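Shown next: query.cif, containing mmCIF, C-alpha atoms and all ligand atoms.
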data_input
#
loop_
_atom_site.label_atom_id
_atom_site.label_comp_id
_atom_site.auth_asym_id
_atom_site.auth_seq_id
_atom_site.Cartn_x
_atom_site.Cartn_y
_atom_site.Cartn_z
CA MET A 1 110.66 119.14 96.51
CA SER A 2 110.53 122.88 95.82
CA ASN A 3 107.31 124.79 96.24
CA ALA A 4 107.09 125.23 92.46
CA SER A 5 107.32 121.50 91.80
CA VAL A 6 104.83 120.77 94.59
CA GLN A 7 102.42 123.21 92.92
CA GLN A 8 103.08 121.55 89.55
CA ALA A 9 102.37 118.11 91.04
CA ALA A 10 99.12 119.48 92.49
CA ASN A 11 98.17 120.97 89.12
CA GLU A 12 98.84 117.68 87.32
CA GLN A 13 96.69 115.82 89.81
CA THR A 14 93.85 118.29 89.51
CA GLU A 15 93.84 118.13 85.73
CA THR A 16 92.77 114.49 85.71
CA ALA A 17 89.03 115.11 85.80
CA GLY A 18 89.12 118.00 83.31
CA GLU A 19 86.19 119.76 84.96
CA SER A 20 85.67 122.79 87.17
CA ARG A 21 87.11 122.76 90.69
CA PHE A 22 83.56 122.40 92.03
CA VAL A 23 82.68 119.38 89.84
CA ARG A 24 86.06 117.74 90.55
CA ALA A 25 85.42 118.07 94.29
CA CYS A 26 81.96 116.48 93.84
CA LEU A 27 83.75 113.50 92.26
CA ARG A 28 86.37 113.42 95.06
CA CYS A 29 89.20 114.39 92.70
CA PRO A 30 92.05 116.50 94.16
CA VAL A 31 91.63 120.28 93.79
CA ASP A 32 93.96 123.27 94.26
CA ARG A 33 91.67 124.64 97.01
CA THR A 34 88.26 123.92 98.53
CA PRO A 35 85.39 125.12 96.34
CA VAL A 36 82.76 127.26 98.07
CA TRP A 37 79.14 128.32 97.49
CA PHE A 38 76.12 128.92 99.76
CA LEU A 39 72.61 127.53 100.16
CA ARG A 40 70.20 130.42 99.40
CA GLN A 41 73.05 132.58 98.14
CA ALA A 42 70.51 134.63 96.13
CA GLY A 43 67.94 135.69 98.68
CA ARG A 44 66.43 138.38 100.82
CA TYR A 45 69.66 139.18 102.71
CA MET A 46 71.06 140.63 99.49
CA PRO A 47 70.07 144.22 98.51
CA GLU A 48 70.43 143.40 94.79
CA TYR A 49 67.80 140.65 95.18
CA MET A 50 65.47 142.89 97.17
CA ALA A 51 65.72 145.53 94.44
CA VAL A 52 64.41 142.96 91.93
CA ARG A 53 61.76 141.71 94.41
CA LYS A 54 60.40 145.25 94.69
CA HIS A 55 59.10 144.94 91.14
CA HIS A 56 58.37 141.20 90.86
CA THR A 57 56.85 138.41 92.93
CA LEU A 58 58.94 135.36 93.76
CA LEU A 59 57.07 133.28 91.17
CA GLU A 60 57.49 135.97 88.50
CA ILE A 61 61.24 135.88 89.07
CA CYS A 62 61.28 132.07 88.87
CA ARG A 63 59.15 131.98 85.72
CA THR A 64 60.98 134.71 83.77
CA PRO A 65 64.28 133.26 82.52
CA GLU A 66 65.96 136.66 82.02
CA ILE A 67 65.26 137.72 85.61
CA ALA A 68 65.99 134.32 87.19
CA ALA A 69 69.32 134.21 85.31
CA GLU A 70 70.18 137.76 86.33
CA VAL A 71 69.47 137.06 90.01
CA THR A 72 71.54 133.85 89.87
CA ILE A 73 74.50 135.54 88.17
CA THR A 74 74.47 138.65 90.35
CA ALA A 75 74.64 136.63 93.58
CA ALA A 76 77.46 134.36 92.36
CA GLU A 77 79.54 137.29 91.08
CA ARG A 78 78.95 139.50 94.10
CA LEU A 79 80.11 136.75 96.46
CA GLY A 80 82.96 135.35 94.33
CA VAL A 81 81.79 131.75 94.85
CA ASP A 82 82.73 128.71 92.74
CA ALA A 83 79.19 127.64 91.82
CA ALA A 84 75.87 129.27 90.93
CA ILE A 85 72.59 127.61 91.93
CA ILE A 86 69.79 128.41 89.54
CA PHE A 87 67.17 130.71 91.03
CA ALA A 88 63.99 128.64 91.21
CA ASP A 89 61.90 127.03 93.95
CA LEU A 90 61.31 123.53 95.22
CA LEU A 91 57.57 123.86 94.75
CA LEU A 92 57.52 124.74 91.02
CA PRO A 93 56.78 121.14 89.86
CA LEU A 94 53.49 121.20 91.80
CA THR A 95 51.85 123.41 89.17
CA PRO A 96 52.21 121.05 86.16
CA MET A 97 51.18 118.18 88.46
CA GLY A 98 47.89 120.02 88.97
CA LEU A 99 48.32 121.58 92.42
CA ASP A 100 48.02 125.34 92.79
CA PHE A 101 50.09 127.11 95.41
CA GLU A 102 51.20 130.60 96.31
CA PHE A 103 53.81 132.20 98.53
CA VAL A 104 52.11 134.07 101.34
CA ALA A 105 54.20 136.81 102.95
CA GLY A 106 55.42 135.70 106.35
CA GLU A 107 54.01 132.19 105.95
CA GLY A 108 55.91 130.62 103.06
CA PRO A 109 54.27 128.40 100.46
CA VAL A 110 50.57 127.48 100.73
CA VAL A 111 49.04 124.70 98.63
CA HIS A 112 45.34 125.41 98.08
CA THR A 113 43.96 121.86 97.84
CA PRO A 114 46.33 119.54 99.69
CA ILE A 115 46.32 115.84 98.82
CA ARG A 116 44.58 113.63 101.36
CA SER A 117 43.33 110.54 99.43
CA LEU A 118 44.19 107.95 96.79
CA GLU A 119 41.76 109.69 94.40
CA ALA A 120 43.65 112.96 94.79
CA VAL A 121 46.93 111.17 94.05
CA GLN A 122 45.38 109.50 91.01
CA ALA A 123 44.33 112.90 89.68
CA LEU A 124 47.91 114.24 89.70
CA ARG A 125 49.37 114.76 86.20
CA THR A 126 52.84 113.57 85.21
CA ASP A 127 52.72 114.50 81.52
CA ARG A 128 53.28 118.25 81.73
CA ALA A 129 56.89 118.54 82.95
CA ASP A 130 57.60 120.53 79.78
CA GLU A 131 55.78 123.45 81.41
CA LEU A 132 58.80 123.78 83.71
CA LYS A 133 61.12 124.61 80.84
CA TYR A 134 61.39 128.24 81.93
CA VAL A 135 63.89 126.94 84.51
CA SER A 136 66.08 125.27 81.88
CA HIS A 137 65.88 128.40 79.74
CA ALA A 138 67.27 130.36 82.69
CA ILE A 139 70.02 127.74 83.11
CA GLU A 140 70.97 128.15 79.43
CA LYS A 141 71.46 131.86 80.00
CA VAL A 142 73.53 131.31 83.15
CA ALA A 143 75.65 128.64 81.42
CA LYS A 144 76.29 130.98 78.52
CA HIS A 145 77.30 133.78 80.87
CA PHE A 146 79.73 131.58 82.80
CA ALA A 147 81.07 129.57 79.83
CA ALA A 148 84.48 131.27 79.83
CA PRO A 149 86.99 130.50 82.62
CA ARG A 150 87.37 133.12 85.35
CA SER A 151 90.60 135.02 86.06
CA ASP A 152 91.99 132.07 88.05
CA GLY A 153 91.44 129.75 85.06
CA ASP A 154 88.60 127.82 86.70
CA THR A 155 85.07 127.59 85.31
CA LEU A 156 82.14 128.32 87.59
CA GLY A 157 79.94 125.28 88.31
CA ILE A 158 76.22 125.50 87.54
CA ILE A 159 73.82 123.76 89.89
CA GLY A 160 70.30 122.72 88.97
CA PHE A 161 68.02 121.39 91.69
CA CYS A 162 64.80 119.68 92.64
CA GLY A 163 63.11 118.44 95.82
CA ALA A 164 63.32 114.90 97.13
CA PRO A 165 60.15 112.75 97.03
CA TRP A 166 59.53 112.92 100.82
CA THR A 167 59.93 116.70 101.09
CA LEU A 168 57.78 117.44 98.03
CA ALA A 169 55.13 114.98 99.24
CA ALA A 170 55.14 116.72 102.63
CA TYR A 171 54.30 120.06 100.96
CA MET A 172 51.63 118.46 98.77
CA ILE A 173 49.92 116.69 101.67
CA GLU A 174 50.31 119.18 104.54
CA GLY A 175 49.40 122.10 102.32
CA GLY A 176 52.56 124.11 102.69
CA LYS A 177 52.35 126.54 105.53
CA GLN A 178 51.92 123.74 108.07
CA SER A 179 54.97 121.92 106.73
CA GLY A 180 57.82 123.99 108.15
CA GLY A 181 60.69 122.41 110.00
CA ASP A 182 58.85 122.73 113.33
CA ARG A 183 55.85 120.60 112.43
CA ASN A 184 54.91 116.98 112.99
CA TYR A 185 53.84 116.02 109.47
CA ILE A 186 50.77 114.25 110.79
CA GLU A 187 48.83 114.24 107.51
CA THR A 188 51.85 113.10 105.51
CA LYS A 189 52.64 110.25 107.89
CA LYS A 190 48.95 109.29 108.12
CA LEU A 191 48.82 108.77 104.36
CA MET A 192 52.23 107.05 104.37
CA TYR A 193 51.22 104.58 107.12
CA SER A 194 47.64 103.95 106.07
CA SER A 195 47.68 103.57 102.29
CA SER A 196 50.62 101.99 100.55
CA ALA A 197 48.67 102.29 97.28
CA ALA A 198 48.34 106.09 97.63
CA TRP A 199 51.86 106.55 99.00
CA ASN A 200 53.62 104.47 96.36
CA LEU A 201 51.65 106.05 93.53
CA LEU A 202 52.47 109.52 94.87
CA MET A 203 56.19 108.68 95.16
CA GLU A 204 56.20 107.20 91.66
CA LYS A 205 54.48 110.25 90.16
CA ILE A 206 56.82 112.68 91.91
CA VAL A 207 59.89 110.75 90.72
CA THR A 208 58.56 110.68 87.13
CA VAL A 209 58.12 114.45 87.04
CA LEU A 210 61.42 115.20 88.82
CA VAL A 211 63.45 112.97 86.49
CA ALA A 212 62.04 114.81 83.46
CA TYR A 213 62.63 118.17 85.16
CA ALA A 214 66.21 117.30 86.11
CA GLU A 215 66.86 116.09 82.57
CA GLN A 216 65.77 119.46 81.16
CA GLN A 217 68.17 121.17 83.54
CA VAL A 218 71.11 118.91 82.63
CA GLU A 219 70.45 119.35 78.91
CA ALA A 220 70.39 123.12 79.45
CA GLY A 221 73.85 123.10 81.05
CA ALA A 222 73.56 122.20 84.75
CA ASP A 223 76.86 120.57 85.79
CA VAL A 224 75.46 119.11 89.00
CA ILE A 225 71.96 118.49 90.39
CA GLN A 226 71.23 119.05 94.07
CA VAL A 227 68.31 117.13 95.57
CA PHE A 228 66.83 118.98 98.58
CA ASP A 229 65.29 116.75 101.25
CA SER A 230 64.78 119.66 103.64
CA TRP A 231 62.33 117.90 105.99
CA VAL A 232 63.80 114.37 105.92
CA GLY A 233 64.97 114.90 109.51
CA LYS A 234 61.37 114.48 110.61
CA LEU A 235 61.54 110.77 109.75
CA SER A 236 62.92 107.96 111.89
CA VAL A 237 65.67 105.94 110.23
CA GLY A 238 63.33 102.94 109.97
CA ASP A 239 60.53 104.95 108.30
CA TYR A 240 63.02 106.57 105.93
CA GLN A 241 64.28 103.15 104.91
CA GLN A 242 60.80 101.67 104.60
CA TYR A 243 58.94 104.47 102.83
CA CYS A 244 61.42 106.81 101.14
CA LEU A 245 64.87 105.36 100.52
CA SER A 246 64.02 103.30 97.42
CA TRP A 247 62.25 106.26 95.75
CA THR A 248 65.04 108.70 96.53
CA THR A 249 67.58 106.14 95.31
CA GLU A 250 65.67 105.79 92.06
CA LEU A 251 65.66 109.56 91.58
CA VAL A 252 69.38 109.89 92.40
CA GLN A 253 70.37 106.98 90.16
CA ARG A 254 68.33 108.22 87.21
CA ILE A 255 69.91 111.68 87.50
CA LYS A 256 73.41 110.17 87.79
CA ALA A 257 72.69 108.21 84.60
CA MET A 258 72.39 111.62 82.86
CA GLY A 259 76.13 112.02 83.47
CA VAL A 260 76.16 114.60 86.29
CA PRO A 261 77.09 114.28 89.97
CA VAL A 262 74.23 114.46 92.49
CA ILE A 263 74.36 116.32 95.82
CA TYR A 264 71.78 115.05 98.32
CA PHE A 265 71.04 117.46 101.17
CA GLY A 266 68.77 117.29 104.19
CA VAL A 267 68.40 118.97 107.58
CA GLU A 268 68.64 117.33 111.02
CA THR A 269 70.10 114.26 109.41
CA ALA A 270 72.84 113.09 111.83
CA SER A 271 71.14 109.73 112.42
CA LEU A 272 70.01 109.38 108.80
CA LEU A 273 73.38 109.94 107.09
CA PRO A 274 74.36 106.27 106.61
CA ALA A 275 70.94 105.54 105.05
CA MET A 276 71.08 108.69 102.89
CA SER A 277 74.44 107.64 101.48
CA GLU A 278 72.84 104.36 100.36
CA THR A 279 71.10 106.37 97.62
CA GLY A 280 74.46 106.44 95.84
CA ALA A 281 74.56 110.26 95.75
CA ASP A 282 78.07 111.53 94.92
CA VAL A 283 77.90 114.20 97.61
CA ILE A 284 75.95 114.35 100.86
CA GLY A 285 75.13 117.84 102.15
CA LEU A 286 75.64 117.97 105.92
CA ASP A 287 73.51 120.21 108.10
CA TRP A 288 75.24 122.45 110.63
CA ARG A 289 74.42 120.38 113.71
CA VAL A 290 76.89 117.56 113.05
CA PRO A 291 80.69 118.08 113.18
CA LEU A 292 81.90 117.71 109.59
CA ASP A 293 84.37 114.89 110.30
CA VAL A 294 81.74 112.94 112.25
CA GLY A 295 79.25 113.40 109.39
CA TRP A 296 81.85 112.33 106.83
CA ARG A 297 82.56 109.15 108.81
CA SER A 298 78.80 108.44 108.85
CA VAL A 299 78.35 108.73 105.08
CA GLY A 300 81.56 106.79 104.43
CA ALA A 301 84.74 107.55 102.52
CA GLY A 302 83.04 106.74 99.20
CA CYS A 303 81.06 110.00 99.35
CA ALA A 304 82.07 113.62 99.04
CA VAL A 305 80.55 116.00 101.60
CA GLN A 306 79.23 119.55 101.40
CA GLY A 307 78.90 121.90 104.33
CA ASN A 308 78.47 122.80 107.02
CA LEU A 309 78.93 126.15 108.76
CA ASP A 310 75.95 127.24 110.89
CA PRO A 311 74.26 130.00 108.80
CA ILE A 312 73.70 131.99 111.99
CA ALA A 313 77.49 132.07 112.57
CA LEU A 314 77.43 134.67 109.75
CA PHE A 315 76.10 137.10 112.38
CA ALA A 316 79.16 136.57 114.65
CA PRO A 317 82.08 139.02 115.01
CA LYS A 318 84.67 138.48 112.26
CA ASP A 319 87.28 136.77 114.47
CA VAL A 320 84.72 134.25 115.77
CA LEU A 321 83.39 133.66 112.25
CA LYS A 322 86.88 133.11 110.83
CA ALA A 323 87.65 130.59 113.59
CA LYS A 324 84.47 128.70 112.69
CA VAL A 325 85.42 128.63 108.99
CA ARG A 326 88.82 127.25 109.99
CA GLU A 327 87.13 124.63 112.19
CA VAL A 328 85.12 123.30 109.23
CA LEU A 329 88.19 123.24 106.98
CA ASP A 330 90.29 121.56 109.67
CA ALA A 331 87.63 118.87 110.09
CA ALA A 332 87.80 118.23 106.33
CA ALA A 333 91.62 118.15 106.64
CA GLY A 334 92.24 118.76 102.94
CA ARG A 335 90.80 115.37 101.94
CA PRO A 336 89.54 115.36 98.34
CA GLY A 337 85.76 115.68 98.20
CA HIS A 338 84.90 118.63 100.44
CA ILE A 339 82.77 121.49 99.18
CA PHE A 340 82.49 124.35 101.65
CA ASN A 341 78.93 125.54 102.28
CA LEU A 342 76.54 126.35 105.07
CA GLY A 343 74.61 123.69 106.96
CA HIS A 344 71.32 125.31 105.79
CA GLY A 345 70.30 128.44 103.87
CA ILE A 346 71.40 132.03 104.48
CA VAL A 347 68.65 133.82 106.43
CA PRO A 348 67.32 137.36 105.84
CA GLY A 349 69.33 139.99 107.72
CA THR A 350 72.70 138.24 107.24
CA PRO A 351 75.47 140.84 106.69
CA VAL A 352 76.55 140.47 103.04
CA ASP A 353 80.08 141.54 103.92
CA ASN A 354 80.46 138.56 106.26
CA VAL A 355 79.37 136.18 103.50
CA ILE A 356 81.99 137.68 101.17
CA ARG A 357 84.66 137.41 103.87
CA VAL A 358 83.87 133.71 104.36
CA VAL A 359 84.51 133.13 100.65
CA GLU A 360 87.86 134.93 100.93
CA TRP A 361 88.86 132.96 104.04
CA VAL A 362 87.92 129.60 102.49
CA LYS A 363 90.08 130.46 99.47
CA GLU A 364 93.01 131.63 101.58
CA LEU A 365 92.92 128.95 104.30
CA SER A 366 92.19 125.98 102.04
CA SER A 367 94.93 126.87 99.53
CA SER A 368 97.53 126.40 102.24
CA ILE A 369 95.90 123.15 103.42
CA SER A 370 95.81 121.83 99.82
CA LEU A 371 99.44 122.72 99.30
CA LYS A 372 100.35 120.84 102.48
CA THR A 373 98.34 117.81 101.32
CA ALA A 374 99.93 117.96 97.86
CA LYS A 375 103.33 118.17 99.49
CA GLN A 376 102.59 115.08 101.56
CA ALA A 377 101.29 113.27 98.46
CA GLY A 378 104.41 114.30 96.54
CA LEU A 379 106.69 113.11 99.31
CA LEU A 380 104.84 109.81 99.50
CA LYS A 381 105.20 109.40 95.75
CA GLU A 382 108.94 110.07 96.04
CA LEU A 383 109.30 107.61 98.90
CA ASN A 384 107.35 104.98 96.98
CA ALA A 385 109.56 105.51 93.93
CA ARG A 386 112.74 104.78 95.91
O1 LIG B 401 70.11 131.10 95.91
C1 LIG B 401 69.17 130.31 96.19
O2 LIG B 401 69.37 129.23 96.79
C2 LIG B 401 67.79 130.71 95.81
C3 LIG B 401 67.01 129.71 95.05
C4 LIG B 401 66.07 128.90 95.93
C5 LIG B 401 64.80 129.35 96.39
N1 LIG B 401 64.18 128.30 96.99
C6 LIG B 401 64.20 130.70 96.19
C7 LIG B 401 63.36 131.21 97.28
C8 LIG B 401 66.23 127.57 96.34
C9 LIG B 401 67.42 126.65 96.15
C10 LIG B 401 65.03 127.21 97.02
C11 LIG B 401 64.77 125.84 97.52
C12 LIG B 401 63.69 125.65 98.49
N2 LIG B 401 62.44 126.19 98.46
C13 LIG B 401 63.76 124.76 99.58
C14 LIG B 401 64.92 123.86 99.91
C15 LIG B 401 66.00 124.61 100.58
C16 LIG B 401 65.87 124.67 102.04
O3 LIG B 401 65.93 125.81 102.55
O4 LIG B 401 65.77 123.65 102.70
C17 LIG B 401 62.53 124.82 100.25
C18 LIG B 401 62.17 124.07 101.50
C19 LIG B 401 61.70 125.73 99.53
C20 LIG B 401 60.30 126.09 99.81
C21 LIG B 401 60.21 127.52 100.21
N3 LIG B 401 60.37 128.58 99.35
C22 LIG B 401 59.94 128.03 101.50
C23 LIG B 401 59.71 127.20 102.75
C24 LIG B 401 59.94 129.43 101.38
C25 LIG B 401 59.61 130.43 102.43
C26 LIG B 401 60.71 130.51 103.43
C27 LIG B 401 61.19 131.92 103.57
O5 LIG B 401 62.42 132.07 103.71
O6 LIG B 401 60.37 132.82 103.53
C28 LIG B 401 60.26 129.75 100.04
C29 LIG B 401 60.40 131.10 99.48
C30 LIG B 401 61.69 131.40 98.76
N4 LIG B 401 62.21 130.64 97.76
C31 LIG B 401 62.53 132.55 98.95
C32 LIG B 401 63.57 132.44 98.02
C33 LIG B 401 64.69 133.42 97.78
C34 LIG B 401 62.31 133.68 99.93
C35 LIG B 401 61.05 134.38 99.71
C36 LIG B 401 61.03 135.60 98.79
O7 LIG B 401 61.97 136.04 98.11
O8 LIG B 401 59.93 136.18 98.77
#
Could I get this structure in the form of C-alpha cells?
Ligand code: CP3
Amino acid sequence: MSNASVQQAANEQTETAGESRFVRACLRCPVDRTPVWFLRQAGRYMPEYMAVRKHHTLLEICRTPEIAAEVTITAAERLGVDAAIIFADLLLPLTPMGLDFEFVAGEGPVVHTPIRSLEAVQALRTDRADELKYVSHAIEKVAKHFAAPRSDGDTLGIIGFCGAPWTLAAYMIEGGKQSGGDRNYIETKKLMYSSSAAWNLLMEKIVTVLVAYAEQQVEAGADVIQVFDSWVGKLSVGDYQQYCLSWTTELVQRIKAMGVPVIYFGVETASLLPAMSETGADVIGLDWRVPLDVGWRSVGAGCAVQGNLDPIALFAPKDVLKAKVREVLDAAAGRPGHIFNLGHGIVPGTPVDNVIRVVEWVKELSSSISLKTAKQAGLLKELNAR
C-alpha cells in the first residue's frame, strides 16, 4: 500500500463519526492524530489571562459571558489545542442552591455557611438553575467563534463542565478552604456516615441542579461535558461504591442521554478506576500518578482515556519534557480513544512556551503513530480480503 492510499484509508475510517477529532476520540473512533487540550488551559500561568484578571475578579469573569468567552477563546488559540473548555468554576452552582462563597486570595474558595445538618440540606434550593445561564451564554459565543473548521479542516471541540456530587458536597460541607487535596474531609465523611437521610437528599439535590446546568450547556453548543471529581481520591473504593457511585452514575447517564460524550476525571484515582468506569462515562480522565497503559487496563477497553502528563513536567528542560510526552503517547500506542492532556491542571508559573511545544510534539509524534496504526489496519484488511 502506498503512503497516499494508507492516508486515504485513514481518512475514510476517521470520517465515520462525522464529528471533530476530539469528539471522535471520546467515542473511540479512529483519528488522524491524537487530540490534545489541557486542564486549566486558561489560568494564571498565562499573561493574557492575568491581563484580564487585573481588571476583573474571578467571579466577574465567570459571570460576564463576553469576558468568559474571550478568555476561553484566547487560551485555545494561543496554545493551538483541539478543544476549548469553557471558563467557569466548579463552585458556581452553589449560589443558586443558596450557599454564598467567595474566592479568597491564596486560600481558594470559601463557603460562608457550610452545611452540617439535615435542616441545612433541606433548605438548599434546586429550582434556580436558570440563574447559571451566563455560562451557557458564554458557550454560545465560543461555539459561534469556533463554528468554522480550522486550517487543517477539523472543528475545535467545545467542553462544558460541572463538578461531581462528592466533590461539590465536599466544598459545601467543609466550607471550601479546608477542602483542598491535602485534607481529611472529616465533616463530609461525618455527615455521609451518620445521616443517610441528609446525605442522600444532598446528593439528589446536587444531581438535580447539575443535570439542569449541563443541559443548558449542551443546548448552548457544548460538544462534550467533563465531570470533575477532583477530591474523589480521598474515598476508599468501598465508600465510593456505597455512597457516591450510584449518584455519579445517575449524573453521567442523564448527561449522556442529552447526546454528548461524558469525560469523568478525578485525582489520585488509581485504585478507584474500575469503579469510576462503572458510571458508564465515555472517557475516564487519568491523573498523572498512574502509567497511562496501566490506567487504561483498569478502566477497561470499553472506555476512552484522557491524560496524563504530570503538569509539573512542564517545568522540565525541553528534551526531558519531549521524552515524557513520547512516553504517554507510546503507552497509548495509537489505540483509538486517547485524548492527550495533563494528569491535573496547569499550575501558576508554568512556562507558556513549554505548553505550546507540548501541543506541537503531540501533533507531530502522534501523526506518525496514527499512520503506522492505519498502515497495520490497512494491511490486516488486505490480508483478510485474500
Ligand atoms: O481553563 C480552565 O480550565 C479554566 C476554567 C476552570 C476554573 N476552575 C477557573 C479557575 C475550571 C475547569 C475550574 C474547575 C475547578 N474549580 C475545579 C476542578 C479542577 C481541578 O483542578 O481539579 C476545582 C477543584 C475548582 C475550585 C477552585 N477554583 C479552586 C480550588 C480554586 C483555587 C485554586 C487556585 O489555583 O488558586 C479555584 C480558583 C480558580 N478557578 C482559578 C481559575 C483560573 C484560579 C484563581 C484565579 O484566577 O484567581
Within 10 Å of Tyr193 in chain A, counting only C-alpha atoms, which residues qualify if same-chain residues fewer than 5 places away don't, as a PyMOL selection string?
chain A and resi 187-188+199+239+243
If we count all atoms listed in the file, what is near Gly300 in chain A at a cut-off of 10 Å, once residues fewer than 5 positions away on the same chain are taken out, given as a ChimeraX atom specification?
/A:273-274,277-278,294-295,305
Can you tell me which residues sit at most 6 Å away from ligand LIG 401 (chain B), counting only C-alpha atoms and all ligand atoms, written as an NGL selection string?
:A and (39-44 or 58 or 85 or 87-90 or 108-109 or 228 or 230 or 345)
A:Cys26, A:Ile339, A:Ile61, A:Ile139 ranked by distance to Cys303 in chain A, top pick (using all atoms listed in the file):
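The answer is A:Cys26, which sits nearest to Cys303 in chain A.
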Point-to-point distance from CA of Leu132 in chain A to CA of Ala76 in chain A, Å rounded to tenths
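Atom-to-atom, CA of Leu132 in chain A to CA of Ala76 in chain A, that is 23.1 Å.
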Please identify all polymer residues within 10 Å of Ser117 in chain A, counting all atoms listed in the file, omitting same-chain residues fewer than 6 positions from it, and present them as a ChimeraX atom specification.
/A:173,191,195,198-199
With 5 Å on each side, where is the centre of the axis-aligned box around all listed atoms of range 142-156 of chain A, and how long are its edges in Å to one decimal, as lines of an AutoDock Vina configuration file?
center_x = 82.8
center_y = 131.3
center_z = 83.3
size_x = 28.5
size_y = 17.4
size_z = 19.5
Length of the CA of Tyr185 in chain A to CA of Pro96 in chain A vector [Å]:
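One can read the CA of Tyr185 in chain A to CA of Pro96 in chain A distance as 23.9 Å.
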Calculate how many Å separate CA of Gly176 in chain A from CA of Ala281 in chain A, rounding to one decimal.
26.9 Å
Measuring atom to atom with only C-alpha atoms, identify which of A:Trp247, A:Tyr240, A:Trp296, A:Phe340 is nearest to Val358 in chain A.
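Checking each candidate against Val358 in chain A, we get A:Phe340 as the closest.
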